Each structure stands twice: as C-alpha cells, then as structure tokens.
$ cat model.txt   # compact mmCIF, C-alpha atoms
# COMPACT_ATOMS: atom_id res chain seq x y z
CA MET A 1 80.62 92.88 154.32
CA ARG A 2 80.09 92.90 158.03
CA GLY A 3 83.61 92.28 159.32
CA GLY A 4 84.22 92.86 162.99
CA TYR A 5 80.61 92.16 163.86
CA PHE A 6 81.31 89.01 165.85
CA LYS A 7 84.12 90.60 167.89
CA PHE A 8 81.87 93.51 168.69
CA LEU A 9 79.13 91.17 169.84
CA LEU A 10 81.45 89.29 172.15
CA SER A 11 82.44 92.46 173.92
CA PHE A 12 78.87 93.71 173.91
CA LEU A 13 77.61 90.47 175.44
CA ILE A 14 80.09 90.70 178.27
CA ALA A 15 79.42 94.35 178.93
CA CYS A 16 75.66 94.33 178.67
CA GLY A 17 74.66 90.82 179.63
CA ALA A 18 73.24 90.12 176.19
CA GLY A 19 72.45 86.65 174.98
CA VAL A 20 69.80 86.05 177.60
CA GLN A 21 66.65 84.86 175.95
CA VAL A 22 63.72 87.15 176.46
CA SER A 23 60.27 86.63 175.04
CA CYS A 24 57.67 89.06 173.78
CA THR A 25 55.39 88.30 176.72
CA ASN A 26 53.76 91.05 178.73
CA GLU A 27 55.84 90.42 181.83
CA ASP A 28 59.07 90.80 179.85
CA ASN A 29 58.04 93.97 178.02
CA PRO A 30 59.37 96.99 179.93
CA ALA A 31 57.04 99.23 177.96
CA GLY A 32 54.17 97.63 179.83
CA GLN A 33 51.83 96.37 177.14
CA GLN A 34 48.78 94.94 178.81
CA GLY A 35 47.08 91.96 177.21
CA THR A 36 45.77 88.54 178.04
CA TYR A 37 45.98 86.69 174.72
CA SER A 38 47.63 83.31 175.30
CA GLY A 39 46.63 81.28 172.24
CA VAL A 40 48.81 80.12 169.37
CA PRO A 41 50.73 82.87 167.55
CA LEU A 42 48.56 84.80 165.09
CA ILE A 43 50.80 85.58 162.14
CA ILE A 44 50.66 88.07 159.29
CA PHE A 45 53.43 87.30 156.80
CA ASP A 46 54.83 90.31 154.90
CA THR A 47 57.02 89.23 151.98
CA ASP A 48 58.82 90.48 148.89
CA ILE A 49 58.10 87.15 147.23
CA GLY A 50 59.13 86.86 143.59
CA SER A 51 62.88 87.32 143.91
CA SER A 52 64.63 85.28 146.60
CA THR A 53 63.58 81.72 147.35
CA ASP A 54 63.95 82.00 151.13
CA ASP A 55 60.54 83.74 151.10
CA LEU A 56 59.06 80.55 149.67
CA PHE A 57 60.57 78.41 152.40
CA ALA A 58 59.42 80.83 155.10
CA LEU A 59 55.86 80.71 153.79
CA GLU A 60 55.96 76.92 153.46
CA MET A 61 57.09 76.66 157.09
CA LEU A 62 54.12 78.76 158.20
CA TYR A 63 51.75 76.37 156.43
CA ARG A 64 53.45 73.40 158.10
CA TYR A 65 53.36 75.07 161.50
CA GLU A 66 49.65 75.73 161.14
CA GLN A 67 49.02 72.12 160.12
CA GLN A 68 50.70 71.16 163.41
CA GLY A 69 48.47 73.55 165.35
CA ALA A 70 51.46 75.74 166.26
CA CYS A 71 50.18 78.99 164.74
CA LYS A 72 47.42 80.63 162.72
CA LEU A 73 48.34 82.34 159.44
CA LEU A 74 45.99 85.31 159.15
CA GLY A 75 47.11 86.64 155.79
CA VAL A 76 49.94 87.28 153.34
CA VAL A 77 50.99 90.81 152.38
CA VAL A 78 53.04 90.96 149.17
CA ASP A 79 55.22 94.05 149.37
CA ARG A 80 56.86 93.65 145.96
CA GLU A 81 54.83 95.47 143.31
CA GLY A 82 53.07 93.43 140.66
CA GLU A 83 50.07 91.16 140.38
CA ASP A 84 52.39 88.39 139.20
CA CYS A 85 54.00 88.40 142.65
CA ALA A 86 50.58 88.13 144.26
CA ALA A 87 49.86 85.21 141.93
CA VAL A 88 52.92 83.39 143.28
CA ALA A 89 51.53 83.77 146.80
CA ASP A 90 48.18 82.50 145.50
CA VAL A 91 49.89 79.39 144.07
CA MET A 92 51.58 78.74 147.41
CA ASN A 93 48.34 79.20 149.35
CA ASN A 94 46.46 76.75 147.16
CA TYR A 95 49.16 74.12 146.93
CA PHE A 96 49.50 73.90 150.70
CA GLY A 97 45.77 73.92 151.42
CA HIS A 98 45.34 77.58 152.35
CA ALA A 99 43.24 78.80 149.45
CA SER A 100 41.18 81.01 151.77
CA THR A 101 44.17 82.82 153.27
CA PRO A 102 43.76 86.45 152.15
CA ILE A 103 46.40 88.23 150.09
CA GLY A 104 47.16 91.95 149.93
CA LEU A 105 49.54 93.65 147.52
CA VAL A 106 51.44 96.89 147.21
CA ARG A 107 50.47 99.12 144.31
CA LYS A 108 52.38 102.31 145.14
CA GLY A 109 55.63 100.98 146.48
CA ILE A 110 59.20 100.48 145.30
CA PRO A 111 59.07 100.72 141.49
CA ALA A 112 62.03 98.54 140.48
CA PRO A 113 63.68 96.70 143.38
CA ALA A 114 66.49 94.24 142.77
CA VAL A 115 65.54 90.75 141.58
CA TRP A 116 67.86 87.87 142.38
CA ILE A 117 65.90 84.81 141.19
CA ASP A 118 63.02 85.67 138.89
CA TYR A 119 60.33 83.04 139.40
CA LYS A 120 57.30 85.27 138.88
CA SER A 121 56.20 83.14 135.92
CA LEU A 122 55.57 80.17 138.26
CA PRO A 123 51.76 80.63 138.14
CA THR A 124 51.83 80.15 134.34
CA TYR A 125 53.66 76.79 134.35
CA THR A 126 51.77 74.07 132.47
CA ASN A 127 51.60 70.29 132.51
CA ASP A 128 52.26 68.12 129.45
CA ASP A 129 48.59 68.39 128.48
CA GLY A 130 48.76 72.19 128.43
CA GLY A 131 46.75 72.70 131.62
CA LEU A 132 48.03 74.90 134.41
CA MET A 133 50.32 73.02 136.76
CA PHE A 134 49.19 74.88 139.87
CA ARG A 135 45.75 75.90 141.02
CA ARG A 136 44.88 79.47 141.96
CA SER A 137 41.83 80.84 143.72
CA VAL A 138 42.00 84.57 142.92
CA ASP A 139 40.07 85.41 139.75
CA ASP A 140 40.97 89.08 139.58
CA TYR A 141 44.21 90.24 141.22
CA SER A 142 43.33 93.86 140.54
CA ALA A 143 40.52 93.43 143.07
CA LEU A 144 42.87 92.43 145.89
CA PRO A 145 43.17 94.97 148.70
CA ASP A 146 46.28 97.06 149.13
CA GLY A 147 48.58 95.55 151.72
CA TRP A 148 47.95 98.29 154.27
CA GLN A 149 44.20 97.80 153.86
CA LEU A 150 44.52 94.07 154.49
CA TYR A 151 46.55 94.85 157.59
CA ARG A 152 43.79 97.09 158.90
CA ARG A 153 41.11 94.50 158.19
CA LEU A 154 43.01 91.65 159.82
CA LEU A 155 44.28 93.57 162.83
CA SER A 156 40.89 95.05 163.65
CA ARG A 157 39.43 91.56 164.07
CA GLN A 158 42.05 90.16 166.45
CA PRO A 159 42.35 90.29 170.26
CA ASP A 160 44.48 93.07 171.68
CA HIS A 161 48.26 92.47 171.68
CA SER A 162 47.86 89.14 169.92
CA VAL A 163 49.29 89.50 166.40
CA SER A 164 52.87 88.73 165.41
CA ILE A 165 54.02 90.29 162.15
CA CYS A 166 56.79 88.47 160.27
CA THR A 167 58.38 90.60 157.58
CA SER A 168 60.95 89.14 155.21
CA GLY A 169 61.26 91.97 152.73
CA PHE A 170 60.52 95.65 152.45
CA VAL A 171 58.48 97.74 154.90
CA THR A 172 56.37 99.43 152.23
CA ALA A 173 52.96 98.18 153.34
CA LEU A 174 53.89 98.59 156.99
CA ALA A 175 54.80 102.25 156.48
CA GLN A 176 51.52 102.78 154.64
CA LEU A 177 49.65 101.05 157.45
CA LEU A 178 51.23 103.33 160.06
CA MET A 179 50.28 106.41 158.02
CA SER A 180 46.70 105.24 157.50
CA GLU A 181 43.65 107.01 158.91
CA PRO A 182 40.52 105.61 160.59
CA ASP A 183 38.21 103.74 158.24
CA ASP A 184 35.33 101.27 158.19
CA TYR A 185 37.57 98.58 159.73
CA SER A 186 38.66 100.58 162.76
CA PRO A 187 38.22 104.06 164.24
CA LEU A 188 41.92 104.00 165.15
CA SER A 189 44.78 105.50 163.20
CA GLY A 190 47.35 103.09 161.84
CA VAL A 191 49.77 103.79 164.68
CA GLU A 192 47.11 103.25 167.34
CA LEU A 193 45.80 100.11 165.62
CA VAL A 194 49.30 98.61 165.69
CA ARG A 195 49.77 99.67 169.30
CA GLN A 196 46.51 97.98 170.30
CA LYS A 197 46.69 94.76 168.27
CA VAL A 198 50.34 93.84 167.59
CA LYS A 199 52.33 91.85 170.10
CA CYS A 200 55.67 91.83 168.28
CA ILE A 201 57.18 92.31 164.85
CA TYR A 202 59.94 89.96 163.65
CA MET A 203 62.01 91.48 160.85
CA GLN A 204 64.65 90.16 158.50
CA GLY A 205 67.00 93.09 158.32
CA GLY A 206 69.34 95.38 160.16
CA VAL A 207 73.14 95.65 160.33
CA PHE A 208 74.47 95.91 163.88
CA GLY A 209 78.02 96.04 165.16
CA ASP A 210 81.11 98.10 164.41
CA ALA A 211 80.70 97.69 160.64
CA VAL A 212 78.50 100.62 159.57
CA GLU A 213 76.82 99.48 156.39
CA PRO A 214 73.41 99.95 154.73
CA ASP A 215 70.74 97.31 155.12
CA PHE A 216 69.54 95.89 151.80
CA ASN A 217 65.81 95.59 152.51
CA PHE A 218 65.52 99.04 154.08
CA GLY A 219 67.74 100.63 151.44
CA GLN A 220 65.54 99.49 148.55
CA GLY A 221 62.85 101.90 149.74
CA ILE A 222 64.51 104.26 152.19
CA THR A 223 61.61 106.73 152.37
CA PHE A 224 59.27 103.94 153.44
CA ALA A 225 61.88 102.70 155.93
CA GLN A 226 62.25 106.17 157.42
CA ASP A 227 58.48 106.47 157.85
CA PHE A 228 58.32 103.00 159.37
CA PHE A 229 60.99 103.65 162.00
CA ARG A 230 59.61 107.10 162.77
CA LEU A 231 56.04 105.92 163.32
CA TRP A 232 56.39 102.42 164.82
CA PRO A 233 55.05 102.58 168.43
CA GLN A 234 57.85 102.49 170.96
CA ASP A 235 55.83 100.22 173.24
CA VAL A 236 55.50 97.42 170.64
CA ASP A 237 58.40 94.97 170.49
CA MET A 238 60.67 94.60 167.46
CA VAL A 239 63.09 91.70 166.89
CA PHE A 240 65.59 91.95 164.02
CA SER A 241 67.27 89.06 162.23
CA PRO A 242 70.51 90.49 160.76
CA GLY A 243 71.99 88.93 157.67
CA GLU A 244 74.92 87.51 159.65
CA VAL A 245 72.61 85.12 161.46
CA GLY A 246 71.33 83.50 158.28
CA ASP A 247 74.55 83.72 156.27
CA PRO A 248 75.79 80.23 157.30
CA ILE A 249 72.42 78.56 156.61
CA GLU A 250 72.84 77.39 153.04
CA TYR A 251 70.24 75.08 151.51
CA THR A 252 71.78 74.03 148.22
CA PRO A 253 69.70 73.49 145.07
CA GLU A 254 70.76 69.84 145.04
CA GLN A 255 69.45 69.36 148.58
CA VAL A 256 66.16 71.09 147.76
CA VAL A 257 65.46 68.90 144.73
CA SER A 258 66.49 65.77 146.64
CA ASP A 259 64.29 66.59 149.63
CA ILE A 260 61.24 66.94 147.36
CA SER A 261 62.02 63.71 145.52
CA TRP A 262 58.51 62.46 146.22
CA THR A 263 57.02 64.64 143.44
CA ASP A 264 57.85 67.07 140.64
CA ILE A 265 54.55 68.95 141.00
CA HIS A 266 55.67 71.19 143.82
CA PRO A 267 56.00 74.99 143.44
CA ILE A 268 59.36 75.25 145.19
CA LYS A 269 60.83 72.28 143.34
CA GLN A 270 59.62 73.72 140.04
CA VAL A 271 61.39 77.00 140.82
CA TYR A 272 64.60 75.08 141.48
CA MET A 273 64.18 72.94 138.36
CA THR A 274 63.50 75.85 136.00
CA CYS A 275 65.43 78.82 137.44
CA ASP A 276 69.09 79.36 138.24
CA CYS A 277 68.95 79.16 142.03
CA ASN A 278 72.67 78.59 142.52
CA THR A 279 73.12 82.21 143.57
CA GLY A 280 74.42 81.84 147.10
CA GLN A 281 70.87 81.95 148.41
CA LYS A 282 70.79 81.60 152.20
CA MET A 283 67.81 80.96 154.46
CA TRP A 284 67.56 84.43 156.00
CA ASP A 285 63.79 84.85 155.71
CA THR A 286 62.93 81.69 157.60
CA LEU A 287 64.43 82.99 160.86
CA PRO A 288 61.75 85.58 161.79
CA VAL A 289 59.11 82.90 161.16
CA ILE A 290 60.83 80.32 163.34
CA GLN A 291 61.17 82.76 166.22
CA ALA A 292 57.60 84.04 165.92
CA VAL A 293 56.20 80.51 166.13
CA GLU A 294 58.67 78.54 168.23
CA GLY A 295 59.68 81.36 170.58
CA ASP A 296 62.85 83.04 171.76
CA SER A 297 64.39 79.90 173.23
CA VAL A 298 65.56 78.84 169.76
CA PHE A 299 67.78 81.93 169.51
CA SER A 300 70.36 83.92 171.42
CA LEU A 301 69.33 87.55 171.54
CA SER A 302 70.88 90.91 172.27
CA ALA A 303 69.93 92.96 175.27
CA ARG A 304 67.10 95.45 174.81
CA GLY A 305 67.65 98.78 173.15
CA THR A 306 66.41 101.11 170.45
CA VAL A 307 67.16 101.14 166.71
CA SER A 308 67.47 104.17 164.46
CA ILE A 309 68.09 104.37 160.72
CA THR A 310 69.93 106.89 158.56
CA TRP A 311 69.00 108.05 155.08
CA SER A 312 71.75 105.73 153.85
CA ALA A 313 69.86 102.77 155.38
CA GLU A 314 72.42 102.27 158.15
CA THR A 315 70.86 100.90 161.33
CA PHE A 316 72.18 101.80 164.78
CA PHE A 317 71.39 99.95 167.99
CA THR A 318 71.53 101.82 171.29
CA PRO A 319 71.31 99.64 174.45
CA SER A 320 68.51 100.58 176.82
CA PRO A 321 66.78 98.40 179.43
CA THR A 322 63.45 99.96 178.48
CA GLY A 323 63.95 99.71 174.71
CA ASN A 324 61.55 97.79 172.49
CA CYS A 325 64.22 96.36 170.15
CA ARG A 326 66.41 93.26 170.22
CA TYR A 327 68.25 91.34 167.54
CA GLN A 328 69.24 87.75 166.94
CA LEU A 329 72.86 86.75 167.46
CA PRO A 330 74.81 84.33 165.23
CA GLY A 331 74.65 80.72 166.35
CA THR A 332 77.10 77.84 166.52
CA ALA A 333 77.66 75.34 163.73
CA GLU A 334 75.43 72.93 165.63
CA TRP A 335 72.66 75.54 165.81
CA VAL A 336 72.98 76.24 162.06
CA ALA A 337 72.58 72.53 161.34
CA GLN A 338 69.48 72.34 163.54
CA ILE A 339 67.85 75.31 161.78
CA LEU A 340 68.61 73.90 158.34
CA GLU A 341 67.08 70.58 159.38
CA LYS A 342 63.84 72.38 160.38
CA ILE A 343 63.62 73.87 156.90
CA ARG A 344 64.46 70.61 155.13
CA ARG A 345 61.90 68.71 157.19
CA ALA A 346 59.14 70.95 155.84
CA ASN A 347 60.11 69.96 152.29
CA ARG A 348 60.29 66.27 152.98
CA GLN A 349 56.71 66.30 154.28
CA ARG A 350 54.25 65.16 151.64

$ encode --input "model.txt" --output "structure tokens"
Amino acid sequence: MRGGYFKFLLSFLIACGAGVQVSCTNEDNPAGQQGTYSGVPLIIFDTDIGSSTDDLFALEMLYRYEQQGACKLLGVVVDREGEDCAAVADVMNNYFGHASTPIGLVRKGIPAPAVWIDYKSLPTYTNDDGGLMFRRSVDDYSALPDGWQLYRRLLSRQPDHSVSICTSGFVTALAQLLMSEPDDYSPLSGVELVRQKVKCIYMQGGVFGDAVEPDFNFGQGITFAQDFFRLWPQDVDMVFSPGEVGDPIEYTPEQVVSDISWTDIHPIKQVYMTCDCNTGQKMWDTLPVIQAVEGDSVFSLSARGTVSITWSAETFFTPSPTGNCRYQLPGTAEWVAQILEKIRRANRQR
C-alpha cells in the first residue's frame, strides 16, 4: 500500500536532518506562539469510536494517564454519526471512573462511513440477571452538544496555548469548529479560538513518501478534510501519525483477552469476546495519544514542513523550517515492542 515509503524517508532524513525530536513547546515553534502554560497536557480526544478497536485502547490509555497525574482529559468528541456511538463513549467514561467527562457528537457529518468491527451494541449488553452490564450517565443522548459546540465550550475555558487535541478518526467536528462563529462561549471565531487556545494537534492520518495514495480517514469525508486543512491556523502545530508507524503494532485478540483475565466485565474484553476482532486491527490510534501525553522523545519525527491535501485525499508534505507540520517516522522492532507493552499494561491494570 505504501511501498517505497521507508526508502524515501531514509534519503529524506539524510538530506533534511529529519529524525531530530522536536517538541510543541513555544521555544521550538518557529511560528512564534506565545504562551506560558506549563501544566500537564490538557487533552480533547476526537474519535470515530464504534468501528475500530484501537479507539477504545487510545481512550483507555487516556484514563490511565490521568489516573497517574500525567494529563487531564477535558472531553470526548465522537465524530462518527449516531447516538449509539456516543453511548459507547459513555460506557467507557463510566467504567473507568470518568462519568463527568463531557461528550459531544456529530449530527451532520459523514452519513455512512466504513465500519470494520461493529461494537455499537456494547451499551445494551446485559448480565445473566437481565440488568445492563455497563453503567451509563447520559439520560438523553439527543441533548448532547454537537462536537464543534463542545470544542468551543471546552477551549474557551482553558489557558491560552494549553490544549492538545488528539484525533483518531475523521475531522468532521474539527472542520465545523473552524467554520464556527462567535457565540456565548467565546467572542472569537472558530479559527481564532483554535489559534488562541490550542497548543498542538496530534492526528492519526496522512500518507507521506513517494507512494501517492489517499488517506483513509480524510477520504471518508473529503469535503470536511478540505475545510480543515484550508482553515487550520498555520501558527498552530500539527503532528501526523501515518499508518506505516502503527502497522507493525499488532495486539492480537488472544493477547487482549489474556491481559484482561482478571475480569469478564470489561467493555474492551466484551467487544473481543462477542465481536470478530481478528481483522488485522493494529494500534494506530494509540500513537497520537502517547505522543500528546509522554512527549516527542518517544518518537522519531520528520523535519518541519507544511501539508496539503488533494480532493482525492492524497496528502503532500513540503519541507520548510518555518512549517507547522511534522510526522512520526516508523520505529525499530524494539520500539514497536515497547509501544505494545504500554498498551498492554493499561489492560492489565485492574
């Protein structure tokens, strides 16, 4: 699918000095964002939960990170249409002790995106006595805010240049946020609100190298992707996690069930016990989360540049020392094993 990518990267690294690890701190941002926030990462997680299981692991890792005091999860934006998808996020929030974490959902988004593992019925699972297996805290999902509205509410309340957005799916809600107008939450437009409040966005997506191919996430809703790339402020950092980086990180169904051997009443284990998860699922969506929380030192990164997208969802990286974009590079076998162990450790924790 992406043949030639690694050879291209080797030559690119030599020519451009890529692979140095650069953080999203003010001093390393050539665009010159000014801000003094130095607390734990403030995270908004944007997910197309309800199809691939790597979204579940990414969200679980955020809960575990917060329990360790390593980050603060501000909210979850569900960018896959359907209240049943929001209900899955509600189950996850409650199970891991985050019942008060707000949820937003997309109502006018991508009408019928691909579904790989359909676990949207998880919130309806019952115990032997007929009672619901998993608790939920949202009484009326139709009353949840649209994702872009939740973004505006959360961003308006945070310090300047403090929020890290982790997106593991589509950019529907993000495009709608950028197109939004001033409201009761903020007198700023969506673009200016992002410019003022967001420190960095970490995205699962992008195809870079000499293989020109469409990106799956962006291609599912290309109009939204075009709006997103057109409107995203050029002085706010973007870090992409291409599919090649997560391709070797395979967490097999047998390993998942074994790692959660301490209980059967676990939302991820139930998905793996009741759905066919032997689909070649890789741990792509965990990588933006790990970088947002643990920092750039865990990864090798490209040099800075800019990214553009075509109407065919092809992404092109142009090196530039003042660019706001970088992307993760594939790691060694040892690195892959270390990342997989981070994910498995979250599941072994009671």

$ residues_around --input "model.txt" --residues "range 329-338 of chain A" --least-positions-apart "2" --cutoff "6 Å" --atoms "all atoms listed in the file" --output "PyMOL selection string"
chain A and resi 245+249+300-301+340-341

$ residues_around --input "model.txt" --residues "Gln291 in chain A" --least-positions-apart "2" --cutoff "10 Å" --atoms "all atoms listed in the file" --output "tab-separated table (two decimals) with C-alpha atoms, keeping the file's coordinate frame"
chain	number	residue	atom	x	y	z
A	23	SER	CA	60.27	86.63	175.04
A	166	CYS	CA	56.79	88.47	160.27
A	202	TYR	CA	59.94	89.96	163.65
A	239	VAL	CA	63.09	91.70	166.89
A	241	SER	CA	67.27	89.06	162.23
A	286	THR	CA	62.93	81.69	157.60
A	287	LEU	CA	64.43	82.99	160.86
A	288	PRO	CA	61.75	85.58	161.79
A	289	VAL	CA	59.11	82.90	161.16
A	293	VAL	CA	56.20	80.51	166.13
A	294	GLU	CA	58.67	78.54	168.23
A	295	GLY	CA	59.68	81.36	170.58
A	296	ASP	CA	62.85	83.04	171.76
A	297	SER	CA	64.39	79.90	173.23
A	298	VAL	CA	65.56	78.84	169.76
A	299	PHE	CA	67.78	81.93	169.51
A	328	GLN	CA	69.24	87.75	166.94

$ closest_atom_pairs --input "model.txt" --of "range 21-123 of chain A" --to "range 205-220 of chain A" --cutoff "12 Å" --atoms "all atoms listed in the file" --output "CSV"
residue,atom,partner,partner_atom,distance
A:Thr47,CA,A:Asn217,CA,10.9
A:Asp48,CA,A:Asn217,CA,9.4
A:Ser52,CA,A:Asn217,CA,11.9
A:Asp79,CA,A:Asn217,CA,11.2
A:Arg80,CA,A:Gln220,CA,10.8
A:Gly109,CA,A:Gln220,CA,10.2
A:Ile110,CA,A:Gln220,CA,7.2
A:Pro111,CA,A:Gln220,CA,9.7
A:Ala112,CA,A:Gln220,CA,8.9
A:Pro113,CA,A:Gln220,CA,6.2
A:Ala114,CA,A:Gln220,CA,7.9
A:Val115,CA,A:Gln220,CA,11.2

$ residues_around --input "model.txt" --residues "range 175-183 of chain A" --least-positions-apart "3" --cutoff "7 Å" --atoms "all atoms listed in the file" --output "list in words"
Trp148, Tyr151, Val171, Thr172, Ser186, Pro187, Leu188, Ser189, Gly190, Val191, Phe224, Asp227, Phe228 and Leu231 of chain A

$ closest_residue --input "model.txt" --among "A:Tyr272, A:Phe229, A:Phe240, A:Tyr327" --to "Trp311 in chain A" --atoms "only C-alpha atoms"
A:Phe229

$ closest_residue --input "model.txt" --among "A:Gln196, A:Ser38, A:Ser308, A:Thr126" --to "Ser156 in chain A" --atoms "only C-alpha atoms"
A:Gln196

$ atom_distance --input "model.txt" --atom1 "CA of Leu74 in chain A" --atom2 "CA of Glu192 in chain A"
19.8 Å

$ residues_around --input "model.txt" --residues "Cys71 in chain A" --least-positions-apart "5" --cutoff "7 Å" --atoms "all atoms listed in the file" --output "list of chain:residue names"
A:Val40, A:Pro41, A:Leu42, A:Tyr65, A:Glu66, A:Val293

$ closest_residue --input "model.txt" --among "A:Phe134, A:Thr322, A:Pro248, A:Ile44" --to "Arg152 in chain A" --atoms "all atoms listed in the file"
A:Ile44

$ closest_residue --input "model.txt" --among "A:Gly75, A:Pro253, A:Pro145, A:Pro233" --to "Ala99 in chain A" --atoms "all atoms listed in the file"
A:Gly75

$ atom_distance --input "model.txt" --atom1 "CA of Phe170 in chain A" --atom2 "CA of Ser302 in chain A"
22.9 Å

$ atom_distance --input "model.txt" --atom1 "CA of Gln349 in chain A" --atom2 "CA of Ile290 in chain A"
17.2 Å

$ closest_residue --input "model.txt" --among "A:Gly280, A:Gly104, A:Gly69, A:Pro267" --to "Leu122 in chain A" --atoms "only C-alpha atoms"
A:Pro267

$ residues_near_point --input "model.txt" --point "(42.4, 90.1, 153.1)" --cutoff "9 Å" --atoms "only C-alpha atoms" --output "list in words"
Leu74, Gly75, Val76, Val77, Thr101, Pro102, Ile103, Gly104, Leu144, Pro145, Asp146, Gly147, Gln149, Leu150, Tyr151, Arg153 and Leu154 of chain A

$ closest_residue --input "model.txt" --among "A:Val88, A:Leu132, A:Val78, A:Ala303" --to "Asp118 in chain A" --atoms "only C-alpha atoms"
A:Val88

$ residues_around --input "model.txt" --residues "His266 in chain A" --least-positions-apart "5" --cutoff "9 Å" --atoms "all atoms listed in the file" --output "VMD selection string"
chain A and resid 95 134 260 271

$ write_last_selection --input "model.txt" --atoms "C-alpha atoms" --output "PDB file, keeping the file's coordinate frame"
ATOM      1  CA  TYR A  95      49.160  74.120 146.930  1.00  0.00           C
ATOM      2  CA  PHE A 134      49.190  74.880 139.870  1.00  0.00           C
ATOM      3  CA  ILE A 260      61.240  66.940 147.360  1.00  0.00           C
ATOM      4  CA  VAL A 271      61.390  77.000 140.820  1.00  0.00           C
TER       5      VAL A 271
END
